[in-house]
There are 2 protein chains.
Amino acid sequence: MDINTIGKNAKAASRLTAAMETKQKNEILTVCGEALINNADAIIEANKADYEKAKANGMSKHMLDRLMLNKDRIEAMADGLFQIAKLPDPVGEYVSMNTLPNGLIVGQKRVPMGVIGIIYEARPNVTSDAFGLCLKAGSAVILKGGSDAINSNKAVVDILRQAIENMGINPDIVTLIEDTSRETTTALMRLNEYVDLLIPRGGAGLISAVVKNSTVPVIETGTGNCHIYVDDTAKIQMALDILINAKTQRIGVCNAAESLLVSEKIAPEFLPLAAKALKEKGVEIRGCVKTAEICKGFEIIPATDKDYATEFLDLIISVKVVKDVNEAIDHIAKYSTGHSEAIVTESYENAQKFLAQVDSAAVYVNASTRFTDGNEFGFGAEIGISTQKLHARGPMGLQALTTTKFVIYGNGQVRP
Amino acid sequence: MDINTIGKNAKAASRLTAAMETKQKNEILTVCGEALINNADAIIEANKADYEKAKANGMSKHMLDRLMLNKDRIEAMADGLFQIAKLPDPVGEYVSMNTLPNGLIVGQKRVPMGVIGIIYEARPNVTSDAFGLCLKAGSAVILKGGSDAINSNKAVVDILRQAIENMGINPDIVTLIEDTSRETTTALMRLNEYVDLLIPRGGAGLISAVVKNSTVPVIETGTGNCHIYVDDTAKIQMALDILINAKTQRIGVCNAAESLLVSEKIAPEFLPLAAKALKEKGVEIRGCVKTAEICKGFEIIPATDKDYATEFLDLIISVKVVKDVNEAIDHIAKYSTGHSEAIVTESYENAQKFLAQVDSAAVYVNASTRFTDGNEFGFGAEIGISTQKLHARGPMGLQALTTTKFVIYGNGQVRP
């Protein structure tokens, strides 16, 4: 089916999802989750084809693991849908309601976005997850997954659509673009007539391609060159715990730390302990000249400007000794991707300064950057973490997938 | 100065505006307003050059009037800045603040956008207005006005920058791009490194060019193909008042009505009266076949599909007789630009249905669409009216020029 028809059908279906009561949306989510479990074998078979092909093409072990589906993972996908069914419905909330002096009653009401496009890579679990979140937020969804997972995605979406159709509901509330060519993906990014919002989920390359080529409004997600700054007065053990947690608790994620800044006053005491702890976890250290001087017993690779700008997503960290909190803030302003940064300090003044002046989606005092996550923040679900400033910033829950409209009750008012 | 340098300087200046206290921002606004009044002669002289050139080039009378500045209008520009100084500061508000089970205190704080770019046409009053709103919202602004107003804009921005510099403050908090070439404008739209948000203000052509070419996030403003639907049970006089107000109170504005839909039950009674009232105001009627049949005594031009999709911004209205509220809602879904629509009805059910199902920025029961305006809604100021769904929808006040960030107070928390 051509992309225009897909868009048109999704737009038509979005009028249905927008009008659905919470109960009906939850019912669909539950039925779809059960359908995934009942048809797990078909999904696993389709996934095997993707997996074998990707393996033959030399896909990395890490990526192969993301691609692979088994019974447990399909149950987790279904469980994701059951969880979304339990979340409060974001649609219909009145953000505000006021009576104007002329008697007009003006309310701002949370309403569905319409049609949401999700462009993602080789993780087939995104398929059901994105569908569930968009539906609960009252929108139809158009999915464009990576070509590596095309058979898995087809199997999942076929099962979802069949389950929806069996309920007597238009299955165009969820559509997979089966043609994974670049031309079709670009056409989706220009489908302003039918698509209200595009969310790319994946690596920096994918996201930058969508930002560059899309005329549909985009929410940029994900890239995180996150910093931990250890201030003069930091508690040493707390700083070590936060550093090791942020860097090594999970390395391939956007809220992991990639860079360590240390105040020169505390560096002689803190850095050797940090180097030891990092090395014990197998982390490669790319440091400035001062870092190398202080950590003489450890292998410190000289850090380049590029290192300071890199999201490693690996057992690598860049390290810099800075004069004070001001230099740390300047360094972050220069190199950060605006995702998450933390200061470890016992100074009230420096804590408040860091919170006020660091311009990132999430700014921490004395905690690990790994908490930047919709579930950790208590949103119950997450479609991604926005690193742009428009519409949503930081972890995005169901509310981020909605918009508002003004509804106005009058009794004949005209403008004088 | 090249566009990259302008961007870089504005970004640096935006760290200043972000850190400014409300008092200082208000002081700058007041000083700048006074500077405009004190230097009115220089602005008027520069404006004369633009005006004469535009007149010689055959600019329409309507556009010439928008371009023209005199003492009164410059005082109004200054007054705009004084008014903005009186508005509450949107920066620093905590949208929410919660303590999580693990003791993390997570707050969502309203913070400045950073650098805002405004691309506009031949209205030099936008220059000071956009500067004032962006500054109050804590952002630096890059202005790109139309070439027709270049001398006026230069004069205004020179005066603003001089006044700011005299206060000992970096004047890069407001910059005019003096090179009005298409290349430079396109370069501004791609300045993602330095510009956080672009707002186009002007006609449909300008807005669609920005949406198509910009990689910087955009808020689409303005085009309004607004509908008035007169339902079965409407009070005739109220419907006439609302129709005439929405169509003719001011014709060149985005919240003016462009299309009238009438239920077939009330059409025989209402339409002849509507035609008479519209004709008395000099409005040309482009109607469907039924409209022509019912309004036999009046000249009704046959309406084309294109007429129903057109924002006339003129003394022209398209008219269609529809079966009922459902057909009205379908017609609006097909032709509306999603700006403002109104139903006139005494039916509770149809009022609620219209409010729920019409997917526009502002949906009215029994009031004129002309109220869709930041000042009318009580925001105290307006940078434009968003017709997109991302970030802001409908009239945009100071809040729409801000974003949020999460600030997190911990005491050593790491993720298990």
# chains A, B, ... in the order shown; residues from 1 in each chain; ligands from 1
$ closest_atom_pairs --of "chain A" --to "chain B" --cutoff "7 Å" --atoms "only C-alpha atoms" --output "JSON lines"
{"residue": "A:Met113", "atom": "CA", "partner": "B:Lys389", "partner_atom": "CA", "distance": 6.7}
{"residue": "A:Val211", "atom": "CA", "partner": "B:Thr215", "partner_atom": "CA", "distance": 6.0}
{"residue": "A:Lys212", "atom": "CA", "partner": "B:Thr215", "partner_atom": "CA", "distance": 5.3}
{"residue": "A:Thr215", "atom": "CA", "partner": "B:Lys212", "partner_atom": "CA", "distance": 5.4}
{"residue": "A:Met238", "atom": "CA", "partner": "B:Gly412", "partner_atom": "CA", "distance": 5.7}
{"residue": "A:Ile242", "atom": "CA", "partner": "B:Val414", "partner_atom": "CA", "distance": 5.9}
{"residue": "A:Asn245", "atom": "CA", "partner": "B:Val414", "partner_atom": "CA", "distance": 6.1}
{"residue": "A:Leu355", "atom": "CA", "partner": "B:Val407", "partner_atom": "CA", "distance": 6.4}
{"residue": "A:Ser360", "atom": "CA", "partner": "B:Lys405", "partner_atom": "CA", "distance": 6.7}
{"residue": "A:Ala361", "atom": "CA", "partner": "B:Lys405", "partner_atom": "CA", "distance": 4.9}
{"residue": "A:Ala362", "atom": "CA", "partner": "B:Phe406", "partner_atom": "CA", "distance": 4.5}
{"residue": "A:Val363", "atom": "CA", "partner": "B:Val407", "partner_atom": "CA", "distance": 4.9}
{"residue": "A:Tyr364", "atom": "CA", "partner": "B:Ile408", "partner_atom": "CA", "distance": 4.7}
{"residue": "A:Val365", "atom": "CA", "partner": "B:Tyr409", "partner_atom": "CA", "distance": 5.1}
{"residue": "A:Asn366", "atom": "CA", "partner": "B:Gly410", "partner_atom": "CA", "distance": 4.9}
{"residue": "A:Ala367", "atom": "CA", "partner": "B:Gln413", "partner_atom": "CA", "distance": 4.8}
{"residue": "A:Ser368", "atom": "CA", "partner": "B:Val414", "partner_atom": "CA", "distance": 5.1}
{"residue": "A:Arg370", "atom": "CA", "partner": "B:Arg415", "partner_atom": "CA", "distance": 6.3}
{"residue": "A:Phe371", "atom": "CA", "partner": "B:Arg415", "partner_atom": "CA", "distance": 6.6}
{"residue": "A:Lys389", "atom": "CA", "partner": "B:Thr403", "partner_atom": "CA", "distance": 5.7}
{"residue": "A:Leu390", "atom": "CA", "partner": "B:His391", "partner_atom": "CA", "distance": 5.6}
{"residue": "A:His391", "atom": "CA", "partner": "B:His391", "partner_atom": "CA", "distance": 3.5}
{"residue": "A:Arg393", "atom": "CA", "partner": "B:Lys405", "partner_atom": "CA", "distance": 6.5}
{"residue": "A:Thr403", "atom": "CA", "partner": "B:Lys389", "partner_atom": "CA", "distance": 5.7}
{"residue": "A:Thr404", "atom": "CA", "partner": "B:Arg393", "partner_atom": "CA", "distance": 6.5}
{"residue": "A:Lys405", "atom": "CA", "partner": "B:Ala361", "partner_atom": "CA", "distance": 4.8}
{"residue": "A:Phe406", "atom": "CA", "partner": "B:Ala362", "partner_atom": "CA", "distance": 4.5}
{"residue": "A:Val407", "atom": "CA", "partner": "B:Val363", "partner_atom": "CA", "distance": 5.0}
{"residue": "A:Ile408", "atom": "CA", "partner": "B:Tyr364", "partner_atom": "CA", "distance": 4.7}
{"residue": "A:Tyr409", "atom": "CA", "partner": "B:Val365", "partner_atom": "CA", "distance": 5.1}
{"residue": "A:Gly410", "atom": "CA", "partner": "B:Asn366", "partner_atom": "CA", "distance": 4.9}
{"residue": "A:Asn411", "atom": "CA", "partner": "B:Asn366", "partner_atom": "CA", "distance": 5.3}
{"residue": "A:Gly412", "atom": "CA", "partner": "B:Asn366", "partner_atom": "CA", "distance": 5.0}
{"residue": "A:Gln413", "atom": "CA", "partner": "B:Ala367", "partner_atom": "CA", "distance": 4.8}
{"residue": "A:Val414", "atom": "CA", "partner": "B:Ser368", "partner_atom": "CA", "distance": 5.1}
{"residue": "A:Arg415", "atom": "CA", "partner": "B:Arg370", "partner_atom": "CA", "distance": 6.3}
$ residues_around --residues "Asp65 of chain B" --least-positions-apart "4" --cutoff "10 Å" --atoms "only C-alpha atoms" --output "number ranges by chain"
B: 51, 59-61, 69, 122-123
$ residues_around --residues "Ala292 of chain A" --least-positions-apart "3" --cutoff "12 Å" --atoms "only C-alpha atoms" --output "ChimeraX atom specification"
/A:267-268,271-272,275,285-289,295-303,318-321
$ write_last_selection --atoms "N, CA, C and O atoms" --output "PDB file, in the first residue's frame"
ATOM      1  N   ALA A 267      40.352  16.816  43.307  1.00  0.00           N
ATOM      2  CA  ALA A 267      40.880  15.843  42.336  1.00  0.00           C
ATOM      3  C   ALA A 267      41.994  14.956  42.910  1.00  0.00           C
ATOM      4  O   ALA A 267      41.970  13.730  42.707  1.00  0.00           O
ATOM      5  N   PRO A 268      42.997  15.530  43.611  1.00  0.00           N
ATOM      6  CA  PRO A 268      44.098  14.681  44.110  1.00  0.00           C
ATOM      7  C   PRO A 268      43.592  13.561  45.017  1.00  0.00           C
ATOM      8  O   PRO A 268      44.144  12.466  45.019  1.00  0.00           O
ATOM      9  N   LEU A 271      40.330  11.488  42.407  1.00  0.00           N
ATOM     10  CA  LEU A 271      40.576  10.856  41.104  1.00  0.00           C
ATOM     11  C   LEU A 271      41.263   9.486  41.171  1.00  0.00           C
ATOM     12  O   LEU A 271      40.856   8.564  40.436  1.00  0.00           O
ATOM     13  N   PRO A 272      42.290   9.308  42.032  1.00  0.00           N
ATOM     14  CA  PRO A 272      42.884   7.964  42.089  1.00  0.00           C
ATOM     15  C   PRO A 272      41.878   6.895  42.525  1.00  0.00           C
ATOM     16  O   PRO A 272      41.859   5.797  41.973  1.00  0.00           O
ATOM     17  N   ALA A 275      39.648   6.340  39.532  1.00  0.00           N
ATOM     18  CA  ALA A 275      40.339   5.562  38.492  1.00  0.00           C
ATOM     19  C   ALA A 275      40.365   4.088  38.876  1.00  0.00           C
ATOM     20  O   ALA A 275      40.086   3.203  38.053  1.00  0.00           O
ATOM     21  N   ILE A 285      39.761   4.929  30.519  1.00  0.00           N
ATOM     22  CA  ILE A 285      39.719   6.338  30.929  1.00  0.00           C
ATOM     23  C   ILE A 285      40.463   7.196  29.910  1.00  0.00           C
ATOM     24  O   ILE A 285      41.624   6.939  29.593  1.00  0.00           O
ATOM     25  N   ARG A 286      39.780   8.194  29.377  1.00  0.00           N
ATOM     26  CA  ARG A 286      40.413   9.163  28.484  1.00  0.00           C
ATOM     27  C   ARG A 286      40.423  10.504  29.217  1.00  0.00           C
ATOM     28  O   ARG A 286      39.372  11.137  29.363  1.00  0.00           O
ATOM     29  N   GLY A 287      41.605  10.898  29.691  1.00  0.00           N
ATOM     30  CA  GLY A 287      41.658  12.042  30.592  1.00  0.00           C
ATOM     31  C   GLY A 287      42.505  13.195  30.085  1.00  0.00           C
ATOM     32  O   GLY A 287      43.292  13.062  29.139  1.00  0.00           O
ATOM     33  N   CYS A 288      42.346  14.351  30.740  1.00  0.00           N
ATOM     34  CA  CYS A 288      43.174  15.517  30.439  1.00  0.00           C
ATOM     35  C   CYS A 288      44.567  15.319  31.051  1.00  0.00           C
ATOM     36  O   CYS A 288      44.830  14.328  31.744  1.00  0.00           O
ATOM     37  N   VAL A 289      45.473  16.263  30.814  1.00  0.00           N
ATOM     38  CA  VAL A 289      46.849  16.157  31.302  1.00  0.00           C
ATOM     39  C   VAL A 289      46.877  16.033  32.827  1.00  0.00           C
ATOM     40  O   VAL A 289      47.575  15.184  33.386  1.00  0.00           O
ATOM     41  N   CYS A 295      46.629  10.536  38.313  1.00  0.00           N
ATOM     42  CA  CYS A 295      46.389   9.081  38.317  1.00  0.00           C
ATOM     43  C   CYS A 295      47.593   8.344  37.749  1.00  0.00           C
ATOM     44  O   CYS A 295      47.451   7.540  36.808  1.00  0.00           O
ATOM     45  N   LYS A 296      48.766   8.605  38.313  1.00  0.00           N
ATOM     46  CA  LYS A 296      49.993   8.074  37.695  1.00  0.00           C
ATOM     47  C   LYS A 296      50.025   6.554  37.589  1.00  0.00           C
ATOM     48  O   LYS A 296      50.555   6.006  36.645  1.00  0.00           O
ATOM     49  N   GLY A 297      49.452   5.882  38.549  1.00  0.00           N
ATOM     50  CA  GLY A 297      49.522   4.425  38.518  1.00  0.00           C
ATOM     51  C   GLY A 297      48.606   3.771  37.488  1.00  0.00           C
ATOM     52  O   GLY A 297      48.664   2.559  37.287  1.00  0.00           O
ATOM     53  N   PHE A 298      47.738   4.560  36.842  1.00  0.00           N
ATOM     54  CA  PHE A 298      46.720   3.984  35.960  1.00  0.00           C
ATOM     55  C   PHE A 298      46.957   4.384  34.500  1.00  0.00           C
ATOM     56  O   PHE A 298      47.513   5.454  34.239  1.00  0.00           O
ATOM     57  N   GLU A 299      46.503   3.535  33.602  1.00  0.00           N
ATOM     58  CA  GLU A 299      46.612   3.894  32.190  1.00  0.00           C
ATOM     59  C   GLU A 299      45.535   4.933  31.847  1.00  0.00           C
ATOM     60  O   GLU A 299      44.333   4.635  31.914  1.00  0.00           O
ATOM     61  N   ILE A 300      45.986   6.138  31.504  1.00  0.00           N
ATOM     62  CA  ILE A 300      45.048   7.199  31.113  1.00  0.00           C
ATOM     63  C   ILE A 300      45.355   7.573  29.661  1.00  0.00           C
ATOM     64  O   ILE A 300      46.443   8.045  29.350  1.00  0.00           O
ATOM     65  N   ILE A 301      44.399   7.340  28.786  1.00  0.00           N
ATOM     66  CA  ILE A 301      44.569   7.721  27.380  1.00  0.00           C
ATOM     67  C   ILE A 301      44.302   9.221  27.263  1.00  0.00           C
ATOM     68  O   ILE A 301      43.315   9.714  27.837  1.00  0.00           O
ATOM     69  N   PRO A 302      45.173   9.986  26.575  1.00  0.00           N
ATOM     70  CA  PRO A 302      44.936  11.428  26.462  1.00  0.00           C
ATOM     71  C   PRO A 302      43.583  11.704  25.779  1.00  0.00           C
ATOM     72  O   PRO A 302      43.295  11.138  24.723  1.00  0.00           O
ATOM     73  N   ALA A 303      42.776  12.536  26.404  1.00  0.00           N
ATOM     74  CA  ALA A 303      41.443  12.838  25.864  1.00  0.00           C
ATOM     75  C   ALA A 303      41.537  13.904  24.789  1.00  0.00           C
ATOM     76  O   ALA A 303      42.258  14.895  24.941  1.00  0.00           O
ATOM     77  N   SER A 318      35.295   9.903  29.487  1.00  0.00           N
ATOM     78  CA  SER A 318      36.227  11.034  29.369  1.00  0.00           C
ATOM     79  C   SER A 318      36.276  11.742  30.726  1.00  0.00           C
ATOM     80  O   SER A 318      35.271  11.807  31.436  1.00  0.00           O
ATOM     81  N   VAL A 319      37.462  12.238  31.087  1.00  0.00           N
ATOM     82  CA  VAL A 319      37.647  12.848  32.409  1.00  0.00           C
ATOM     83  C   VAL A 319      38.383  14.182  32.256  1.00  0.00           C
ATOM     84  O   VAL A 319      39.328  14.299  31.463  1.00  0.00           O
ATOM     85  N   LYS A 320      37.930  15.183  33.006  1.00  0.00           N
ATOM     86  CA  LYS A 320      38.611  16.477  32.964  1.00  0.00           C
ATOM     87  C   LYS A 320      38.633  17.097  34.360  1.00  0.00           C
ATOM     88  O   LYS A 320      37.622  17.076  35.068  1.00  0.00           O
ATOM     89  N   VAL A 321      39.794  17.622  34.714  1.00  0.00           N
ATOM     90  CA  VAL A 321      39.902  18.385  35.956  1.00  0.00           C
ATOM     91  C   VAL A 321      39.556  19.833  35.634  1.00  0.00           C
ATOM     92  O   VAL A 321      40.105  20.411  34.688  1.00  0.00           O
TER      93      VAL A 321
END
$ closest_residue --among "A:Lys144, A:Arg201, A:Lys353, A:His331" --to "Ser181 of chain A" --atoms "only C-alpha atoms"
A:Lys144
$ residues_around --residues "Ile116 of chain A" --least-positions-apart "4" --cutoff "7 Å" --atoms "only C-alpha atoms" --output "PDB file with all heavy atoms, in the first residue's frame"
ATOM      1  N   SER A 139      -4.504   8.307  19.862  1.00  0.00           N
ATOM      2  CA  SER A 139      -4.014   8.526  18.499  1.00  0.00           C
ATOM      3  C   SER A 139      -3.880   7.226  17.724  1.00  0.00           C
ATOM      4  O   SER A 139      -3.661   6.163  18.299  1.00  0.00           O
ATOM      5  CB  SER A 139      -2.650   9.227  18.530  1.00  0.00           C
ATOM      6  OG  SER A 139      -2.801  10.596  18.825  1.00  0.00           O
ATOM      7  N   ALA A 140      -3.965   7.345  16.402  1.00  0.00           N
ATOM      8  CA  ALA A 140      -3.594   6.239  15.524  1.00  0.00           C
ATOM      9  C   ALA A 140      -2.088   6.300  15.322  1.00  0.00           C
ATOM     10  O   ALA A 140      -1.483   7.366  15.445  1.00  0.00           O
ATOM     11  CB  ALA A 140      -4.327   6.351  14.190  1.00  0.00           C
ATOM     12  N   VAL A 141      -1.476   5.154  15.009  1.00  0.00           N
ATOM     13  CA  VAL A 141      -0.023   5.128  14.879  1.00  0.00           C
ATOM     14  C   VAL A 141       0.399   4.507  13.546  1.00  0.00           C
ATOM     15  O   VAL A 141      -0.216   3.552  13.074  1.00  0.00           O
ATOM     16  CB  VAL A 141       0.625   4.386  16.075  1.00  0.00           C
ATOM     17  CG1 VAL A 141       0.284   2.905  16.070  1.00  0.00           C
ATOM     18  CG2 VAL A 141       2.142   4.568  16.090  1.00  0.00           C
ATOM     19  N   ILE A 142       1.407   5.109  12.936  1.00  0.00           N
ATOM     20  CA  ILE A 142       2.052   4.528  11.755  1.00  0.00           C
ATOM     21  C   ILE A 142       3.463   4.141  12.169  1.00  0.00           C
ATOM     22  O   ILE A 142       4.228   4.985  12.647  1.00  0.00           O
ATOM     23  CB  ILE A 142       2.098   5.527  10.581  1.00  0.00           C
ATOM     24  CG1 ILE A 142       0.685   5.916  10.157  1.00  0.00           C
ATOM     25  CG2 ILE A 142       2.870   4.935   9.396  1.00  0.00           C
ATOM     26  CD1 ILE A 142       0.636   6.960   9.047  1.00  0.00           C
ATOM     27  N   VAL A 195       0.037  13.232   9.059  1.00  0.00           N
ATOM     28  CA  VAL A 195       0.780  12.870  10.275  1.00  0.00           C
ATOM     29  C   VAL A 195       1.017  14.116  11.124  1.00  0.00           C
ATOM     30  O   VAL A 195       1.487  15.139  10.629  1.00  0.00           O
ATOM     31  CB  VAL A 195       2.115  12.183   9.925  1.00  0.00           C
ATOM     32  CG1 VAL A 195       2.856  11.779  11.192  1.00  0.00           C
ATOM     33  CG2 VAL A 195       1.877  10.966   9.040  1.00  0.00           C
ATOM     34  N   ASP A 196       0.675  14.039  12.410  1.00  0.00           N
ATOM     35  CA  ASP A 196       0.778  15.207  13.290  1.00  0.00           C
ATOM     36  C   ASP A 196       2.107  15.271  14.021  1.00  0.00           C
ATOM     37  O   ASP A 196       2.526  16.335  14.468  1.00  0.00           O
ATOM     38  CB  ASP A 196      -0.373  15.182  14.304  1.00  0.00           C
ATOM     39  CG  ASP A 196      -1.714  15.311  13.619  1.00  0.00           C
ATOM     40  OD1 ASP A 196      -2.020  16.425  13.160  1.00  0.00           O
ATOM     41  OD2 ASP A 196      -2.441  14.317  13.506  1.00  0.00           O
ATOM     42  N   LEU A 197       2.758  14.150  14.193  1.00  0.00           N
ATOM     43  CA  LEU A 197       3.976  14.108  15.013  1.00  0.00           C
ATOM     44  C   LEU A 197       4.801  12.896  14.627  1.00  0.00           C
ATOM     45  O   LEU A 197       4.257  11.818  14.409  1.00  0.00           O
ATOM     46  CB  LEU A 197       3.562  13.991  16.492  1.00  0.00           C
ATOM     47  CG  LEU A 197       4.657  13.641  17.498  1.00  0.00           C
ATOM     48  CD1 LEU A 197       5.715  14.725  17.540  1.00  0.00           C
ATOM     49  CD2 LEU A 197       4.061  13.453  18.892  1.00  0.00           C
ATOM     50  N   LEU A 198       6.097  13.094  14.531  1.00  0.00           N
ATOM     51  CA  LEU A 198       7.021  11.982  14.276  1.00  0.00           C
ATOM     52  C   LEU A 198       7.969  11.842  15.461  1.00  0.00           C
ATOM     53  O   LEU A 198       8.522  12.830  15.927  1.00  0.00           O
ATOM     54  CB  LEU A 198       7.875  12.263  13.043  1.00  0.00           C
ATOM     55  CG  LEU A 198       7.449  11.720  11.684  1.00  0.00           C
ATOM     56  CD1 LEU A 198       8.559  11.987  10.679  1.00  0.00           C
ATOM     57  CD2 LEU A 198       7.133  10.236  11.735  1.00  0.00           C
TER      58      LEU A 198
END
$ closest_atom_pairs --of "segment 167-253 of chain B" --to "segment 257-260 of chain B" --cutoff "9 Å" --atoms "only C-alpha atoms" --output "JSON lines"
{"residue": "B:Gly224", "atom": "CA", "partner": "B:Ala257", "partner_atom": "CA", "distance": 8.1}
{"residue": "B:Asn225", "atom": "CA", "partner": "B:Glu258", "partner_atom": "CA", "distance": 5.6}
{"residue": "B:Cys226", "atom": "CA", "partner": "B:Ala257", "partner_atom": "CA", "distance": 4.7}
{"residue": "B:His227", "atom": "CA", "partner": "B:Ser259", "partner_atom": "CA", "distance": 4.8}
{"residue": "B:Ile228", "atom": "CA", "partner": "B:Leu260", "partner_atom": "CA", "distance": 5.0}
{"residue": "B:Tyr229", "atom": "CA", "partner": "B:Leu260", "partner_atom": "CA", "distance": 6.0}
{"residue": "B:Val230", "atom": "CA", "partner": "B:Leu260", "partner_atom": "CA", "distance": 7.7}
{"residue": "B:Leu243", "atom": "CA", "partner": "B:Ala257", "partner_atom": "CA", "distance": 7.6}
{"residue": "B:Ile244", "atom": "CA", "partner": "B:Ala257", "partner_atom": "CA", "distance": 8.9}
{"residue": "B:Asn245", "atom": "CA", "partner": "B:Ala257", "partner_atom": "CA", "distance": 8.7}
{"residue": "B:Ala246", "atom": "CA", "partner": "B:Ala257", "partner_atom": "CA", "distance": 5.1}
{"residue": "B:Lys247", "atom": "CA", "partner": "B:Ala257", "partner_atom": "CA", "distance": 4.7}
{"residue": "B:Thr248", "atom": "CA", "partner": "B:Ala257", "partner_atom": "CA", "distance": 8.2}
{"residue": "B:Ile251", "atom": "CA", "partner": "B:Ala257", "partner_atom": "CA", "distance": 8.4}
